[in-house]
Amino acid sequence: MAKRKLRRTGRYFEEFEVGATYHHHWGRTLAEGECRLFTTWTMNANPLYFNEAYARSPGHSRCPVPPLLLMNVVFGLSVEDLSEQALAHLGYWNMRFLRPVYPGQTLLAESTVLDKRPSESKDDRGIVHVRTTGRTEDGEVVLTYERKILVKRRSAYAREAEELRPPGLKATPEGAR
Amino acid sequence: MRPKSATGVPELEGRRLTRDDNWFEDFEVGDVIVSPRGRTVSEAEHMAWTNIVMNTAQLHFNQAMCDESPKTYFAGRRVVYGGIVLALVAGLASEDTTENALEELSYDNGRHAYPVFAGDTLFAESTVTGKRDCDRPDAGVVCFRLVGKNQDGKAVLEIDREVLVRRRFPKT
């Protein structure tokens, strides 16, 4: 029988398995326009990222992708698996940019769970430690970093996890559609 | 375009495109470089960049959810996605620290120490924590501790970074 369905997104603390690797969805081709826009929008003063003639002198064929855009795009791909049920993103460790990436290249991302532990101060959450890798469609690793995420425990948020409505949408009155 | 032979300073049509005070030789370990500009984070841009990079965490873009559960979500406020905070703080610091950089090598020990909300104004300070030679003669590695502060002077972000910065005089 047809029914009302809601596919819940994001992993709760209990659902992370130490040692597991999650291959993130979608993949993402970087467009030239967004690279230029990101670097100027964030007021990055290095002409390497917005002046092609300048970028050619250190040996690039064109402006490379700004590293922090690269990081943000890889991070974005990882969110549904890692931090969509997070309460906070705590920080970054060992972030390495291994080779330049150029507009037109497609990024894929995966993450491995290094560790997890319950919060010491609050029993509704835990800390998950992951290592994320960004690679091009050819499999070349371009970025690795670790981050720690404060994630909800499903047990403490069972009601919202089971509800058939997105958070923030008021419950529909009885009998209404 | 070609590097000016004597100095390695890149020029275009006889013009220098970057400042002349932020080469590898100019950084001294212990220096604290206070960047001169502040930058207010607007509501629209932080929402936009969260979505452009496909970050699907609703605490950045679902106000009704935050209103419904203020105890869970920063007293009912949507927090700015940290990756954007990092990019804005690095941008504020860039003209003083990485304008003549060839590569950003790494970030480490990064902590979002305090949440940022739309309407906050960010500032940047960089402490030079180290310098070293590398295998190329025209550049060296500079290590910074980058701190982002809000308008109240509270550190919102602290992170170590290593950058490959051009030398004024290539090593012989």
# chains A, B, ... in the order shown; residues from 1 in each chain; ligands from 1

$ interface_residues --of "chain B" --to "chain A" --cutoff "6 Å" --atoms "only C-alpha atoms" --output "PyMOL selection string"
chain B and resi 53-55+57+64-65+68+83+88+91+94-95+99+105-112

$ select_by_dssp --residues "range 35-109 of chain A" --states "strand (DSSP E)" --output "ChimeraX atom specification"
/A:86-97,106-109

$ write_last_selection --atoms "all heavy atoms" --output "compact mmCIF listing (two decimals), in the first residue's frame"
# COMPACT_ATOMS: atom_id res chain seq x y z
N ALA A 86 25.28 16.51 13.00
CA ALA A 86 26.27 17.06 13.94
C ALA A 86 25.71 18.27 14.67
O ALA A 86 24.84 18.98 14.17
CB ALA A 86 27.54 17.46 13.19
N LEU A 87 26.24 18.48 15.86
CA LEU A 87 25.91 19.68 16.63
C LEU A 87 27.00 20.73 16.43
O LEU A 87 26.77 21.90 16.62
CB LEU A 87 25.80 19.32 18.12
CG LEU A 87 24.64 18.35 18.41
CD1 LEU A 87 24.78 17.75 19.79
CD2 LEU A 87 23.31 19.08 18.27
N ALA A 88 28.18 20.29 16.09
CA ALA A 88 29.28 21.22 15.81
C ALA A 88 30.41 20.48 15.10
O ALA A 88 30.58 19.27 15.26
CB ALA A 88 29.81 21.83 17.11
N HIS A 89 31.15 21.26 14.33
CA HIS A 89 32.37 20.77 13.69
C HIS A 89 33.50 21.38 14.51
O HIS A 89 33.58 22.59 14.65
CB HIS A 89 32.37 21.24 12.24
CG HIS A 89 33.70 21.33 11.59
ND1 HIS A 89 34.57 20.27 11.58
CD2 HIS A 89 34.31 22.34 10.94
CE1 HIS A 89 35.67 20.65 10.94
NE2 HIS A 89 35.53 21.90 10.55
N LEU A 90 34.34 20.52 15.10
CA LEU A 90 35.27 21.02 16.12
C LEU A 90 36.58 21.54 15.56
O LEU A 90 37.14 22.52 16.06
CB LEU A 90 35.55 19.92 17.15
CG LEU A 90 34.29 19.42 17.89
CD1 LEU A 90 34.65 18.23 18.77
CD2 LEU A 90 33.65 20.53 18.71
N GLY A 91 37.10 20.89 14.53
CA GLY A 91 38.37 21.39 14.00
C GLY A 91 38.97 20.46 12.97
O GLY A 91 38.39 19.43 12.61
N TYR A 92 40.18 20.86 12.50
CA TYR A 92 40.86 20.15 11.42
C TYR A 92 42.28 19.81 11.85
O TYR A 92 42.93 20.59 12.54
CB TYR A 92 41.02 21.04 10.18
CG TYR A 92 39.88 21.93 9.84
CD1 TYR A 92 39.70 23.14 10.50
CD2 TYR A 92 38.99 21.59 8.81
CE1 TYR A 92 38.65 23.99 10.16
CE2 TYR A 92 37.95 22.42 8.48
CZ TYR A 92 37.78 23.62 9.16
OH TYR A 92 36.75 24.45 8.83
N TRP A 93 42.75 18.68 11.39
CA TRP A 93 44.13 18.26 11.66
C TRP A 93 44.73 17.69 10.38
O TRP A 93 44.00 17.10 9.55
CB TRP A 93 44.15 17.19 12.76
CG TRP A 93 43.86 17.77 14.10
CD1 TRP A 93 44.77 18.18 15.03
CD2 TRP A 93 42.56 18.04 14.67
NE1 TRP A 93 44.12 18.71 16.13
CE2 TRP A 93 42.77 18.63 15.93
CE3 TRP A 93 41.25 17.86 14.23
CZ2 TRP A 93 41.72 19.03 16.76
CZ3 TRP A 93 40.20 18.26 15.05
CH2 TRP A 93 40.44 18.83 16.30
N ASN A 94 46.07 17.82 10.26
CA ASN A 94 46.82 17.16 9.17
C ASN A 94 46.21 17.38 7.80
O ASN A 94 46.07 16.45 7.01
CB ASN A 94 46.91 15.65 9.41
CG ASN A 94 47.70 15.33 10.66
OD1 ASN A 94 48.72 15.96 10.91
ND2 ASN A 94 47.24 14.36 11.44
N MET A 95 45.81 18.61 7.52
CA MET A 95 45.24 18.89 6.19
C MET A 95 46.37 19.17 5.22
O MET A 95 47.18 20.07 5.43
CB MET A 95 44.32 20.11 6.27
CG MET A 95 43.57 20.38 4.97
SD MET A 95 42.69 21.94 5.04
CE MET A 95 41.54 21.65 6.38
N ARG A 96 46.47 18.34 4.18
CA ARG A 96 47.55 18.47 3.22
C ARG A 96 47.02 18.57 1.80
O ARG A 96 46.19 17.76 1.38
CB ARG A 96 48.46 17.24 3.29
CG ARG A 96 49.47 17.37 4.40
CD ARG A 96 50.23 16.09 4.65
NE ARG A 96 50.36 15.91 6.08
CZ ARG A 96 51.06 16.72 6.87
NH1 ARG A 96 51.73 17.72 6.36
NH2 ARG A 96 51.10 16.51 8.16
N PHE A 97 47.54 19.58 1.11
CA PHE A 97 47.19 19.75 -0.30
C PHE A 97 48.33 19.14 -1.11
O PHE A 97 49.45 19.64 -1.08
CB PHE A 97 47.03 21.24 -0.62
CG PHE A 97 45.89 21.86 0.15
CD1 PHE A 97 46.13 22.52 1.35
CD2 PHE A 97 44.59 21.74 -0.31
CE1 PHE A 97 45.07 23.08 2.07
CE2 PHE A 97 43.53 22.29 0.41
CZ PHE A 97 43.77 22.94 1.61
N THR A 106 37.21 16.70 -11.76
CA THR A 106 36.10 16.21 -10.93
C THR A 106 36.64 15.58 -9.66
O THR A 106 37.59 14.81 -9.69
CB THR A 106 35.27 15.18 -11.72
OG1 THR A 106 34.74 15.83 -12.88
CG2 THR A 106 34.13 14.63 -10.89
N LEU A 107 36.03 15.96 -8.54
CA LEU A 107 36.48 15.46 -7.24
C LEU A 107 35.55 14.40 -6.70
O LEU A 107 34.33 14.50 -6.83
CB LEU A 107 36.53 16.62 -6.24
CG LEU A 107 37.54 17.70 -6.55
CD1 LEU A 107 37.36 18.87 -5.61
CD2 LEU A 107 38.96 17.14 -6.41
N LEU A 108 36.16 13.40 -6.07
CA LEU A 108 35.41 12.37 -5.35
C LEU A 108 35.98 12.35 -3.93
O LEU A 108 37.12 12.73 -3.71
CB LEU A 108 35.62 11.01 -6.01
CG LEU A 108 35.16 10.92 -7.47
CD1 LEU A 108 35.73 9.66 -8.12
CD2 LEU A 108 33.65 10.93 -7.55
N ALA A 109 35.17 11.92 -2.98
CA ALA A 109 35.64 11.95 -1.60
C ALA A 109 35.24 10.70 -0.85
O ALA A 109 34.20 10.09 -1.15
CB ALA A 109 35.06 13.18 -0.89

$ residues_around --residues "range 38-40 of chain B" --least-positions-apart "3" --cutoff "9 Å" --atoms "only C-alpha atoms" --output "list in words"
Ser35, Leu88, Val89, Leu92, Ala118, Gly119, Asp120, Thr121, Leu122, Phe123, Ala124, Asn150 and Gln151 of chain B

$ write_last_selection --atoms "N, CA, C and O atoms" --output "short mmCIF file (atom, residue, chain, number, x, y, z; two decimals), in the first residue's frame"
data_model
loop_
_atom_site.label_atom_id
_atom_site.label_comp_id
_atom_site.auth_asym_id
_atom_site.auth_seq_id
_atom_site.Cartn_x
_atom_site.Cartn_y
_atom_site.Cartn_z
N SER B 35 46.20 41.84 10.54
CA SER B 35 45.68 42.26 9.24
C SER B 35 44.72 43.43 9.42
O SER B 35 43.98 43.50 10.40
N LEU B 88 37.27 32.87 4.98
CA LEU B 88 37.21 34.33 5.15
C LEU B 88 38.39 34.84 5.99
O LEU B 88 38.98 35.88 5.68
N VAL B 89 38.73 34.11 7.02
CA VAL B 89 39.86 34.53 7.88
C VAL B 89 41.18 34.43 7.09
O VAL B 89 42.01 35.35 7.12
N LEU B 92 41.31 37.37 4.82
CA LEU B 92 41.67 38.62 5.50
C LEU B 92 43.17 38.70 5.75
O LEU B 92 43.76 39.78 5.71
N ALA B 118 25.71 35.11 11.43
CA ALA B 118 25.53 36.20 10.47
C ALA B 118 25.50 37.52 11.23
O ALA B 118 24.89 37.62 12.30
N GLY B 119 26.17 38.50 10.69
CA GLY B 119 26.24 39.81 11.35
C GLY B 119 27.54 40.00 12.12
O GLY B 119 27.92 41.14 12.41
N ASP B 120 28.22 38.92 12.45
CA ASP B 120 29.52 39.04 13.11
C ASP B 120 30.55 39.59 12.13
O ASP B 120 30.45 39.38 10.91
N THR B 121 31.56 40.26 12.67
CA THR B 121 32.65 40.77 11.84
C THR B 121 33.92 40.02 12.21
O THR B 121 34.24 39.88 13.40
N LEU B 122 34.61 39.54 11.19
CA LEU B 122 35.82 38.74 11.42
C LEU B 122 37.08 39.57 11.19
O LEU B 122 37.11 40.47 10.35
N PHE B 123 38.11 39.24 11.95
CA PHE B 123 39.43 39.86 11.85
C PHE B 123 40.48 38.75 11.87
O PHE B 123 40.18 37.66 12.35
N ALA B 124 41.68 39.06 11.36
CA ALA B 124 42.71 38.01 11.28
C ALA B 124 44.05 38.48 11.83
O ALA B 124 44.45 39.63 11.61
N ASN B 150 36.32 37.57 16.42
CA ASN B 150 35.10 38.32 16.11
C ASN B 150 35.24 39.74 16.65
O ASN B 150 36.28 40.11 17.21
N GLN B 151 34.19 40.54 16.48
CA GLN B 151 34.25 41.96 16.84
C GLN B 151 34.49 42.17 18.34
O GLN B 151 34.94 43.24 18.76
#

$ closest_atom_pairs --of "range 81-120 of chain B" --to "range 29-32 of chain B" --cutoff "12 Å" --atoms "only C-alpha atoms" --output "Markdown table"
| residue | atom | partner | partner_atom | distance |
| --- | --- | --- | --- | --- |
| B:Ala93 | CA | B:Val32 | CA | 11.4 |
| B:Asp96 | CA | B:Val32 | CA | 10.8 |
| B:Thr97 | CA | B:Val32 | CA | 10.8 |

$ write_last_selection --atoms "N, CA, C and O atoms" --output "mmCIF file, in the first residue's frame"
data_model
loop_
_atom_site.group_PDB
_atom_site.id
_atom_site.type_symbol
_atom_site.label_atom_id
_atom_site.label_comp_id
_atom_site.auth_asym_id
_atom_site.auth_seq_id
_atom_site.Cartn_x
_atom_site.Cartn_y
_atom_site.Cartn_z
ATOM 1 N N ALA B 93 43.786 37.542 6.011
ATOM 2 C CA ALA B 93 45.223 37.508 6.305
ATOM 3 C C ALA B 93 46.072 37.489 5.042
ATOM 4 O O ALA B 93 47.288 37.675 5.106
ATOM 5 N N ASP B 96 48.789 40.134 3.708
ATOM 6 C CA ASP B 96 49.975 40.273 4.560
ATOM 7 C C ASP B 96 50.843 39.015 4.604
ATOM 8 O O ASP B 96 51.989 39.087 5.012
ATOM 9 N N THR B 97 50.262 37.883 4.258
ATOM 10 C CA THR B 97 50.993 36.628 4.511
ATOM 11 C C THR B 97 51.191 35.750 3.277
ATOM 12 O O THR B 97 52.244 35.150 3.114
#

$ atom_distance --atom1 "CA of Glu160 in chain A" --atom2 "CA of Ser119 in chain A"
20.2 Å

$ atom_distance --atom1 "CA of His60 in chain B" --atom2 "CA of Thr98 in chain B"
29.1 Å

$ select_by_dssp --residues "chain B" --states "alpha helix (DSSP H)" --output "PyMOL selection string"
chain B and resi 43-52+63-68+82-97

$ atom_distance --atom1 "CA of Val128 in chain B" --atom2 "CA of Arg167 in chain B"
15.9 Å

$ closest_residue --among "B:Ala90, B:Ala101, B:Ala44, B:Val163" --to "Val147 in chain B" --atoms "only C-alpha atoms"
B:Ala90

$ closest_residue --among "A:Phe16, A:Tyr157, A:Tyr22, A:Tyr49" --to "Val101 in chain A" --atoms "only C-alpha atoms"
A:Tyr49

$ closest_residue --among "B:Lys71, B:Lys149, B:Tyr81, B:Trp23" --to "Arg168 in chain B" --atoms "only C-alpha atoms"
B:Trp23

$ residues_around --residues "Val113 in chain A" --least-positions-apart "2" --cutoff "9 Å" --atoms "only C-alpha atoms" --output "list of chain:residue names"
A:Phe16, A:Glu17, A:Val18, A:Gly19, A:Ala20, A:Thr21, A:Tyr22, A:Ser111, A:Asp115, A:Lys116, A:Val128, A:His129, A:Val130, A:Arg131, A:Thr132

$ write_last_selection --atoms "all heavy atoms" --output "CSV table (one decimal), in the first residue's frame"
chain,number,residue,atom,x,y,z
A,16,PHE,N,28.1,5.2,13.5
A,16,PHE,CA,29.5,5.2,13.0
A,16,PHE,C,30.3,4.0,13.5
A,16,PHE,O,30.1,3.6,14.7
A,16,PHE,CB,30.3,6.5,13.6
A,16,PHE,CG,29.9,7.8,12.9
A,16,PHE,CD1,28.8,8.5,13.4
A,16,PHE,CD2,30.6,8.2,11.8
A,16,PHE,CE1,28.5,9.7,12.7
A,16,PHE,CE2,30.2,9.4,11.1
A,16,PHE,CZ,29.2,10.1,11.6
A,17,GLU,N,31.0,3.4,12.6
A,17,GLU,CA,31.8,2.2,12.9
A,17,GLU,C,33.2,2.5,12.8
A,17,GLU,O,33.7,2.9,11.7
A,17,GLU,CB,31.3,1.1,12.0
A,17,GLU,CG,31.9,-0.3,12.4
A,17,GLU,CD,31.6,-1.3,11.3
A,17,GLU,OE1,30.6,-1.1,10.5
A,17,GLU,OE2,32.4,-2.2,11.1
A,18,VAL,N,34.0,2.4,13.9
A,18,VAL,CA,35.4,2.7,13.8
A,18,VAL,C,36.1,1.7,12.8
A,18,VAL,O,35.8,0.5,12.8
A,18,VAL,CB,36.1,2.5,15.2
A,18,VAL,CG1,37.6,2.7,15.1
A,18,VAL,CG2,35.5,3.6,16.1
A,19,GLY,N,36.9,2.3,11.9
A,19,GLY,CA,37.5,1.5,10.8
A,19,GLY,C,36.8,1.5,9.5
A,19,GLY,O,37.4,1.1,8.5
A,20,ALA,N,35.5,1.8,9.6
A,20,ALA,CA,34.7,1.8,8.3
A,20,ALA,C,35.1,2.9,7.4
A,20,ALA,O,35.5,4.0,7.9
A,20,ALA,CB,33.2,1.9,8.7
A,21,THR,N,35.0,2.7,6.1
A,21,THR,CA,35.2,3.8,5.1
A,21,THR,C,33.9,4.0,4.4
A,21,THR,O,33.3,3.1,3.9
A,21,THR,CB,36.3,3.4,4.1
A,21,THR,OG1,37.6,3.2,4.8
A,21,THR,CG2,36.5,4.4,3.0
A,22,TYR,N,33.5,5.3,4.3
A,22,TYR,CA,32.3,5.7,3.6
A,22,TYR,C,32.7,6.4,2.3
A,22,TYR,O,33.4,7.4,2.4
A,22,TYR,CB,31.5,6.6,4.5
A,22,TYR,CG,31.2,6.0,5.9
A,22,TYR,CD1,31.6,6.7,7.0
A,22,TYR,CD2,30.5,4.8,6.0
A,22,TYR,CE1,31.3,6.2,8.3
A,22,TYR,CE2,30.3,4.3,7.3
A,22,TYR,CZ,30.7,5.0,8.4
A,22,TYR,OH,30.5,4.5,9.7
A,111,SER,N,35.8,8.9,3.4
A,111,SER,CA,36.2,9.1,4.8
A,111,SER,C,36.3,7.8,5.5
A,111,SER,O,35.4,6.9,5.3
A,111,SER,CB,35.3,10.1,5.5
A,111,SER,OG,35.3,11.3,4.9
A,115,ASP,N,38.1,7.0,15.0
A,115,ASP,CA,37.9,6.8,16.5
A,115,ASP,C,36.5,7.5,16.8
A,115,ASP,O,36.0,8.4,16.0
A,115,ASP,CB,38.9,7.5,17.3
A,115,ASP,CG,38.9,7.1,18.8
A,115,ASP,OD1,38.3,6.1,19.1
A,115,ASP,OD2,39.5,7.9,19.6
A,116,LYS,N,35.9,7.0,17.8
A,116,LYS,CA,34.7,7.7,18.4
A,116,LYS,C,34.6,7.5,19.9
A,116,LYS,O,35.1,6.5,20.4
A,116,LYS,CB,33.4,7.2,17.7
A,116,LYS,CG,33.0,5.8,17.9
A,116,LYS,CD,31.7,5.6,17.3
A,116,LYS,CE,30.8,4.5,17.9
A,116,LYS,NZ,29.5,4.3,17.3
A,128,VAL,N,33.3,12.1,17.0
A,128,VAL,CA,33.7,11.2,15.9
A,128,VAL,C,34.9,11.8,15.2
A,128,VAL,O,34.9,13.0,14.9
A,128,VAL,CB,32.6,10.9,14.9
A,128,VAL,CG1,33.1,10.0,13.8
A,128,VAL,CG2,31.4,10.3,15.6
A,129,HIS,N,35.9,11.0,15.1
A,129,HIS,CA,37.2,11.5,14.5
A,129,HIS,C,37.3,10.7,13.1
A,129,HIS,O,37.3,9.5,13.1
A,129,HIS,CB,38.4,11.1,15.4
A,129,HIS,CG,39.7,11.6,15.0
A,129,HIS,ND1,40.9,11.3,15.7
A,129,HIS,CD2,40.1,12.3,13.9
A,129,HIS,CE1,41.9,11.8,15.0
A,129,HIS,NE2,41.5,12.4,14.0
A,130,VAL,N,37.4,11.5,12.1
A,130,VAL,CA,37.5,10.9,10.7
A,130,VAL,C,38.7,11.4,9.9
A,130,VAL,O,39.2,12.5,10.2
A,130,VAL,CB,36.2,11.2,9.9
A,130,VAL,CG1,35.0,10.6,10.6
A,130,VAL,CG2,36.0,12.7,9.7
A,131,ARG,N,39.1,10.6,9.0
A,131,ARG,CA,40.0,11.1,8.0
A,131,ARG,C,39.4,11.1,6.6
A,131,ARG,O,38.8,10.1,6.2
A,131,ARG,CB,41.3,10.3,7.9
A,131,ARG,CG,42.3,10.9,6.9
A,131,ARG,CD,43.5,9.9,6.5
A,131,ARG,NE,44.2,9.5,7.6
A,131,ARG,CZ,44.3,8.3,8.1
A,131,ARG,NH1,43.7,7.3,7.4
A,131,ARG,NH2,45.0,8.0,9.1
A,132,THR,N,39.4,12.3,6.0
A,132,THR,CA,38.7,12.4,4.7
A,132,THR,C,39.8,12.5,3.6
A,132,THR,O,40.8,13.2,3.8
A,132,THR,CB,37.8,13.6,4.7
A,132,THR,OG1,36.8,13.4,5.6
A,132,THR,CG2,37.2,13.9,3.3
